[in-house]
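Structure file structure36.txt (compact mmCIF, C-alpha atoms (C1' of nucleotides)) is printed below.
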# COMPACT_ATOMS: atom_id res chain seq x y z
CA MET C 296 75.67 -70.91 64.84
CA GLY C 297 74.42 -71.04 68.41
CA ALA C 298 74.50 -74.59 69.67
CA SER C 299 76.93 -75.45 72.44
CA LYS C 300 80.09 -77.17 71.21
CA THR C 301 79.86 -79.88 73.82
CA ASP C 302 82.06 -82.24 71.85
CA HIS C 303 85.05 -79.96 72.33
CA PHE C 304 85.05 -80.31 76.08
CA THR C 305 85.74 -83.20 78.42
CA LYS C 306 83.07 -85.61 79.54
CA ASN C 307 83.40 -84.38 83.09
CA GLN C 308 83.01 -80.75 82.08
CA ASN C 309 79.87 -81.58 80.13
CA THR C 310 78.45 -83.67 82.94
CA ILE C 311 78.85 -80.93 85.49
CA ALA C 312 77.52 -78.29 83.12
CA THR C 313 74.44 -80.41 82.48
CA LEU C 314 73.80 -80.96 86.18
CA ALA C 315 74.29 -77.27 86.86
CA LYS C 316 71.90 -76.39 84.06
CA ALA C 317 69.28 -78.63 85.62
CA ILE C 318 69.33 -76.56 88.79
CA ALA C 319 69.80 -73.24 87.00
CA HIS C 320 66.20 -72.18 87.45
CA PRO C 321 64.50 -71.00 90.65
CA ALA C 322 61.49 -73.24 90.04
CA ARG C 323 63.68 -76.32 89.91
CA ILE C 324 65.53 -75.22 93.03
CA ALA C 325 62.14 -74.80 94.68
CA ILE C 326 61.12 -78.28 93.58
CA LEU C 327 64.28 -79.83 94.98
CA GLU C 328 63.89 -77.93 98.24
CA TYR C 329 60.31 -79.07 98.52
CA LEU C 330 61.26 -82.69 97.91
CA LEU C 331 63.83 -82.37 100.67
CA LYS C 332 61.34 -80.71 103.02
CA VAL C 333 58.45 -83.13 102.89
CA ASP C 334 58.75 -86.27 104.97
CA ASN C 335 57.25 -88.65 102.49
CA CYS C 336 58.45 -88.67 98.95
CA ILE C 337 54.93 -88.90 97.53
CA CYS C 338 54.53 -85.44 96.16
CA GLY C 339 51.30 -85.14 94.23
CA ASP C 340 50.88 -81.56 95.39
CA ILE C 341 53.97 -80.04 93.87
CA VAL C 342 51.88 -78.03 91.44
CA ASN C 343 50.12 -76.26 94.32
CA GLU C 344 53.46 -75.38 95.87
CA LEU C 345 54.67 -73.42 92.86
CA PRO C 346 53.51 -70.18 91.22
CA LEU C 347 53.44 -71.78 87.78
CA ALA C 348 50.91 -73.51 85.58
CA GLN C 349 50.62 -77.28 85.77
CA ALA C 350 52.12 -77.76 82.32
CA THR C 351 55.13 -75.68 83.25
CA VAL C 352 55.72 -77.56 86.48
CA SER C 353 55.47 -80.85 84.62
CA GLN C 354 58.08 -79.59 82.18
CA HIS C 355 60.48 -78.64 84.99
CA LEU C 356 59.95 -82.03 86.63
CA LYS C 357 60.79 -83.67 83.32
CA GLU C 358 64.04 -81.74 83.11
CA LEU C 359 65.03 -82.69 86.63
CA LYS C 360 64.22 -86.30 85.78
CA ASN C 361 66.21 -86.17 82.53
CA ALA C 362 69.16 -84.80 84.45
CA GLY C 363 68.78 -87.74 86.83
CA LEU C 364 68.35 -85.54 89.89
CA ILE C 365 64.94 -86.95 90.72
CA LYS C 366 63.21 -90.27 90.20
CA GLY C 367 59.52 -90.81 89.57
CA ASN C 368 57.31 -93.84 90.01
CA ILE C 369 53.73 -94.15 88.89
CA GLU C 370 51.36 -94.84 91.80
CA GLY C 371 47.77 -95.01 90.69
CA ASN C 372 46.88 -91.68 89.15
CA ALA C 373 49.61 -89.93 91.09
CA ILE C 374 53.35 -89.81 90.71
CA CYS C 375 55.94 -90.38 93.40
CA TYR C 376 58.88 -88.08 92.95
CA CYS C 377 62.06 -88.30 94.98
CA ILE C 378 65.55 -86.92 95.02
CA ASP C 379 67.98 -89.30 93.33
CA GLU C 380 70.82 -89.65 95.78
CA GLY C 381 73.31 -90.88 93.19
CA ALA C 382 73.12 -87.80 91.00
CA VAL C 383 73.19 -85.44 93.95
CA LYS C 384 76.29 -87.24 95.20
CA LYS C 385 77.86 -86.71 91.78
CA LEU C 386 77.18 -82.99 92.07
CA GLN C 387 78.57 -83.05 95.58
CA THR C 388 81.72 -84.87 94.51
CA TYR C 389 82.49 -82.27 91.89
CA PHE C 390 81.87 -79.29 94.11
CA VAL C 391 83.84 -80.71 96.98
CA ALA C 392 86.73 -81.21 94.56
CA LEU C 393 86.38 -77.66 93.30
CA PHE C 394 86.23 -76.16 96.76
CA THR C 395 89.17 -78.24 97.92
CA LYS C 396 91.31 -77.00 95.04
CA LEU C 397 90.29 -73.49 95.97
CA GLU C 398 91.38 -73.76 99.56
CA LEU C 399 94.83 -74.96 98.56
CA LYS C 400 95.40 -71.76 96.62
CA ASN C 401 96.65 -68.43 97.77
CA LEU C 402 94.25 -66.27 95.87
CA ASN C 403 95.27 -62.86 97.03
CA CYS C 404 96.63 -61.48 93.79
CA CYS C 405 93.51 -59.68 92.52
CA MET V 1 55.66 -65.54 77.30
CA GLY V 2 58.96 -67.24 78.03
CA ALA V 3 60.83 -65.18 80.59
CA SER V 4 61.56 -66.71 83.96
CA LYS V 5 59.22 -65.59 86.71
CA THR V 6 62.07 -64.84 89.08
CA ASP V 7 59.95 -62.54 91.23
CA HIS V 8 57.80 -65.45 92.35
CA PHE V 9 60.63 -67.25 94.02
CA THR V 10 62.76 -66.50 97.05
CA LYS V 11 65.92 -64.46 96.89
CA ASN V 12 67.96 -67.49 97.86
CA GLN V 13 66.41 -69.64 95.16
CA ASN V 14 67.16 -67.01 92.54
CA THR V 15 70.71 -66.53 93.79
CA ILE V 16 71.53 -70.20 93.58
CA ALA V 17 69.84 -70.57 90.20
CA THR V 18 71.89 -67.65 88.87
CA LEU V 19 75.15 -69.08 90.17
CA ALA V 20 74.28 -72.48 88.76
CA LYS V 21 73.45 -70.92 85.42
CA ALA V 22 76.86 -69.27 85.35
CA ILE V 23 78.55 -72.66 85.51
CA ALA V 24 75.99 -74.40 83.30
CA HIS V 25 78.22 -74.42 80.25
CA PRO V 26 81.26 -76.63 79.63
CA ALA V 27 83.33 -73.68 78.40
CA ARG V 28 82.78 -71.84 81.66
CA ILE V 29 83.60 -74.95 83.67
CA ALA V 30 86.77 -75.24 81.60
CA ILE V 31 87.62 -71.61 82.35
CA LEU V 32 87.14 -72.09 86.08
CA GLU V 33 89.20 -75.27 86.03
CA TYR V 34 91.96 -73.50 84.16
CA LEU V 35 91.98 -70.62 86.62
CA LEU V 36 92.33 -73.15 89.40
CA LYS V 37 95.08 -75.03 87.59
CA VAL V 38 97.49 -72.24 86.77
CA ASP V 39 99.73 -71.03 89.54
CA ASN V 40 99.52 -67.37 88.80
CA CYS V 41 96.18 -65.74 88.29
CA ILE V 42 97.39 -63.72 85.33
CA CYS V 43 95.66 -65.54 82.55
CA GLY V 44 96.13 -63.76 79.27
CA ASP V 45 96.23 -67.06 77.42
CA ILE V 46 92.76 -68.31 78.24
CA VAL V 47 91.70 -67.92 74.63
CA ASN V 48 94.37 -70.38 73.50
CA GLU V 49 93.19 -72.91 76.06
CA LEU V 50 89.69 -73.13 74.66
CA PRO V 51 88.28 -74.42 71.37
CA LEU V 52 86.28 -71.25 70.85
CA ALA V 53 86.73 -67.93 69.07
CA GLN V 54 88.12 -65.00 71.02
CA ALA V 55 84.81 -63.17 71.01
CA THR V 56 83.02 -66.17 72.43
CA VAL V 57 85.58 -66.67 75.20
CA SER V 58 85.32 -63.00 76.09
CA GLN V 59 81.57 -63.38 76.36
CA HIS V 60 81.86 -66.38 78.69
CA LEU V 61 84.37 -64.50 80.83
CA LYS V 62 81.92 -61.63 81.03
CA GLU V 63 79.19 -63.94 82.24
CA LEU V 64 81.41 -65.44 84.91
CA LYS V 65 82.34 -61.94 85.99
CA ASN V 66 78.71 -60.78 86.07
CA ALA V 67 77.88 -63.77 88.22
CA GLY V 68 80.69 -62.71 90.53
CA LEU V 69 82.54 -66.01 90.21
CA ILE V 70 85.67 -64.38 88.85
CA LYS V 71 87.32 -61.02 89.24
CA GLY V 72 89.24 -59.19 86.57
CA ASN V 73 91.77 -56.39 86.81
CA ILE V 74 93.17 -54.49 83.89
CA GLU V 75 96.94 -54.82 83.68
CA GLY V 76 98.35 -53.05 80.70
CA ASN V 77 96.84 -54.55 77.60
CA ALA V 78 96.16 -57.80 79.39
CA ILE V 79 93.61 -58.82 81.96
CA CYS V 80 94.17 -60.60 85.23
CA TYR V 81 91.37 -63.00 85.93
CA CYS V 82 90.95 -64.87 89.19
CA ILE V 83 88.42 -66.98 90.97
CA ASP V 84 86.37 -64.91 93.40
CA GLU V 85 86.51 -66.80 96.66
CA GLY V 86 83.43 -65.14 98.11
CA ALA V 87 81.07 -66.29 95.39
CA VAL V 88 82.49 -69.78 95.34
CA LYS V 89 81.99 -69.93 99.10
CA LYS V 90 78.38 -68.90 98.55
CA LEU V 91 77.94 -71.77 96.12
CA GLN V 92 79.65 -74.06 98.59
CA THR V 93 77.44 -72.95 101.46
CA TYR V 94 74.32 -73.78 99.54
CA PHE V 95 75.45 -77.15 98.32
CA VAL V 96 76.73 -78.17 101.71
CA ALA V 97 73.32 -77.29 103.11
CA LEU V 98 71.58 -79.27 100.40
CA PHE V 99 73.77 -82.32 100.84
CA THR V 100 73.44 -82.17 104.61
CA LYS V 101 69.65 -82.22 104.36
CA LEU V 102 69.95 -85.22 102.06
CA GLU V 103 71.98 -87.27 104.49
CA LEU V 104 69.43 -86.76 107.24
CA LYS V 105 66.77 -88.38 105.09
CA ASN V 106 65.89 -91.98 104.59
CA LEU V 107 65.30 -91.91 100.88
CA ASN V 108 64.51 -95.51 100.18
CA CYS V 109 60.88 -95.16 99.12
CA CYS V 110 61.39 -94.98 95.36
C1' DA W 170 29.76 -96.38 81.49
C1' DA W 171 30.26 -91.54 82.73
C1' DT W 172 32.71 -88.27 85.52
C1' DG W 173 36.42 -86.23 87.99
C1' DT W 174 41.33 -85.88 89.18
C1' DT W 175 46.05 -85.89 88.17
C1' DT W 176 50.00 -85.79 85.26
C1' DA W 177 52.01 -85.62 80.46
C1' DT W 178 52.38 -83.89 75.88
C1' DC W 179 51.59 -80.75 71.98
C1' DG W 180 51.64 -76.39 69.84
C1' DT W 181 52.95 -71.85 69.97
C1' DA W 182 54.83 -67.34 71.36
C1' DA W 183 58.26 -64.76 73.88
C1' DT W 184 62.75 -64.53 75.46
C1' DA W 185 67.56 -66.07 76.28
C1' DT W 186 71.81 -68.27 74.97
C1' DT W 187 75.53 -69.52 71.95
C1' DG W 188 78.89 -68.58 68.49
C1' DC W 189 81.55 -65.94 65.42
C1' DA W 190 83.06 -62.31 62.02
C1' DA W 191 83.85 -57.65 62.04
C1' DT W 192 85.05 -53.84 64.44
C1' DA W 193 86.37 -51.03 68.41
C1' DT W 194 89.19 -50.17 72.35
C1' DT W 195 93.28 -50.03 75.06
C1' DA W 196 97.91 -49.90 75.98
C1' DA W 197 102.54 -51.69 75.17
C1' DA W 198 106.32 -51.74 71.76
C1' DA W 199 108.81 -50.08 67.95
C1' DT B 250 103.38 -41.48 66.23
C1' DT B 251 102.61 -45.82 64.09
C1' DT B 252 102.30 -50.52 64.73
C1' DT B 253 101.28 -54.54 67.23
C1' DA B 254 98.90 -57.36 70.59
C1' DA B 255 95.18 -58.39 73.63
C1' DT B 256 90.58 -57.94 75.10
C1' DA B 257 85.76 -56.03 74.51
C1' DT B 258 81.71 -54.90 71.92
C1' DT B 259 78.45 -55.04 68.13
C1' DG B 260 75.43 -57.30 64.98
C1' DC B 261 73.49 -61.21 63.38
C1' DA B 262 71.92 -66.08 62.76
C1' DA B 263 70.96 -70.53 64.90
C1' DT B 264 69.36 -72.86 68.71
C1' DA B 265 67.47 -73.47 73.42
C1' DT B 266 64.55 -72.26 77.24
C1' DT B 267 60.42 -70.72 79.47
C1' DA B 268 55.58 -70.42 79.92
C1' DC B 269 50.92 -71.65 79.24
C1' DG B 270 46.44 -73.05 77.03
C1' DA B 271 44.55 -76.97 75.02
C1' DT B 272 44.38 -81.59 74.84
C1' DA B 273 45.52 -86.39 75.83
C1' DA B 274 46.29 -90.26 78.86
C1' DA B 275 45.66 -92.93 83.02
C1' DC B 276 43.20 -94.20 86.70
C1' DA B 277 39.88 -93.72 90.63
C1' DT B 278 35.15 -92.72 91.85
C1' DT B 279 30.43 -92.63 91.21
Encoded form using structure tokens:
Amino acid sequence: MGASKTDHFTKNQNTIATLAKAIAHPARIAILEYLLKVDNCICGDIVNELPLAQATVSQHLKELKNAGLIKGNIEGNAICYCIDEGAVKKLQTYFVALFTKLELKNLNCC
Amino acid sequence: MGASKTDHFTKNQNTIATLAKAIAHPARIAILEYLLKVDNCICGDIVNELPLAQATVSQHLKELKNAGLIKGNIEGNAICYCIDEGAVKKLQTYFVALFTKLELKNLNCC
DNA sequence: AATGTTTATCGTAATATTGCAATATTAAAA
DNA sequence: TTTTAATATTGCAATATTACGATAAACATT
């Protein structure tokens, strides 16, 4: 078929893969970087910051939100988007673990 | 259309997105974890470690190799696969930068 | 109430990914 | 040389992603 066999892998493996997928697009990286750059987390001008149509940006924001990497609150006719620290910490935890394992190895065989 | 507009984003954004995409599948996470787990980097039994057909595993290995995350040397009729430290360090560098930016922020507005 | 602004959703087309059977390739072993 | 074993490639079908125009929804402004 063609659908990922997620049920054959561990929960942790699927979690990390999902988080990685959420940031596996330059537009979503750009969105995260922008959210980190601006002082205030009110970000009604994200669309103007990206070279994509409004509908496309909205779709990318939705994916980041579904992945839990950002949070959004309604504020009048604007939306307040922020980084979600919890999810980013989860990403961080995994990568730190990965990198730590790496450093313990003597990978000079190839 | 449907193709990513990679040329509208920075080189760094595209690099990170590509690396993230390479690990955005549980099978490829499982492969990396297995490569980290085994003592020796000769890994001719990766196929048996995964719940996927040989052709599919080979394809995932190819993607990891294209992304530069693993290296492979031909050794007789087997292949020696290893983590590529350089690429993992690149991933690490980016995430450390991202997480560092996060900690400097006061993200309590949402 | 009518208008303008901002964000979300729908519908659709183009492209990419996933998975596997079948087959090819490569080199060791018999 | 023939056989065996391991990995790669091809071809195809199913599914997912990306992008955007059109439209809807929500609210502020006039």
Residues of chain W within 9 Å of chain C, all atoms listed in the file counted, as an mmCIF file with C-alpha atoms (C1' of nucleotides), keeping the file's coordinate frame:
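Final output, saved to iface20.cif:
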data_model
loop_
_atom_site.group_PDB
_atom_site.id
_atom_site.type_symbol
_atom_site.label_atom_id
_atom_site.label_comp_id
_atom_site.auth_asym_id
_atom_site.auth_seq_id
_atom_site.Cartn_x
_atom_site.Cartn_y
_atom_site.Cartn_z
ATOM 1 C "C1'" DT W 174 41.330 -85.880 89.180
ATOM 2 C "C1'" DT W 175 46.050 -85.890 88.170
ATOM 3 C "C1'" DT W 176 50.000 -85.790 85.260
ATOM 4 C "C1'" DA W 177 52.010 -85.620 80.460
ATOM 5 C "C1'" DT W 178 52.380 -83.890 75.880
ATOM 6 C "C1'" DT W 186 71.810 -68.270 74.970
ATOM 7 C "C1'" DT W 187 75.530 -69.520 71.950
ATOM 8 C "C1'" DG W 188 78.890 -68.580 68.490
ATOM 9 C "C1'" DC W 189 81.550 -65.940 65.420
#
*asked:* Distance cut-off 7 Å, counting only C-alpha atoms (C1' of nucleotides) - which residues of chain B neighbour chain V? Return them as a PyMOL selection string.
replied: chain B and resi 255+267-268
Produce a table with one row for each residue of chain V that has an atom at most 6 Å from any atom of chain C, each row naming the nearest atom pair and its distance in Å at one decimal; use only C-alpha atoms; arrange rows by chain and rising residue number; format as a tab-separated table.
residue	atom	partner	partner_atom	distance
V:Gln13	CA	C:Pro321	CA	5.1
V:Asn14	CA	C:Pro321	CA	5.2
V:Ala17	CA	C:Ala319	CA	4.2
V:Ala20	CA	C:Ala319	CA	4.9
V:Lys21	CA	C:Ala319	CA	4.6
V:Ala24	CA	C:Ala312	CA	4.2
V:His25	CA	C:Ala312	CA	4.9
V:Pro26	CA	C:Gln308	CA	5.1
Selected residues written out, C-alpha atoms, as a PDB file, keeping the file's coordinate frame:
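Dumped everything to out21.pdb:
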ATOM      1  CA  GLN V  13      66.410 -69.640  95.160  1.00  0.00           C
ATOM      2  CA  ASN V  14      67.160 -67.010  92.540  1.00  0.00           C
ATOM      3  CA  ALA V  17      69.840 -70.570  90.200  1.00  0.00           C
ATOM      4  CA  ALA V  20      74.280 -72.480  88.760  1.00  0.00           C
ATOM      5  CA  LYS V  21      73.450 -70.920  85.420  1.00  0.00           C
ATOM      6  CA  ALA V  24      75.990 -74.400  83.300  1.00  0.00           C
ATOM      7  CA  HIS V  25      78.220 -74.420  80.250  1.00  0.00           C
ATOM      8  CA  PRO V  26      81.260 -76.630  79.630  1.00  0.00           C
TER       9      PRO V  26
END
Inset, instruction - Counting only C-alpha atoms (C1' of nucleotides), select every polymer residue within 12 Å of (30.7, -97.3, 91.4) as defined in the file's coordinates, and provide the selection as a PyMOL selection string. - result: (chain W and resi 170-172) or (chain B and resi 277-279)
Between C1' of DT181 in chain W and C1' of DC269 in chain B lies a distance of 9.5 Å
Pairwise distance, C1' of DA190 in chain W with C1' of DA265 in chain B, equals 22.3 Å
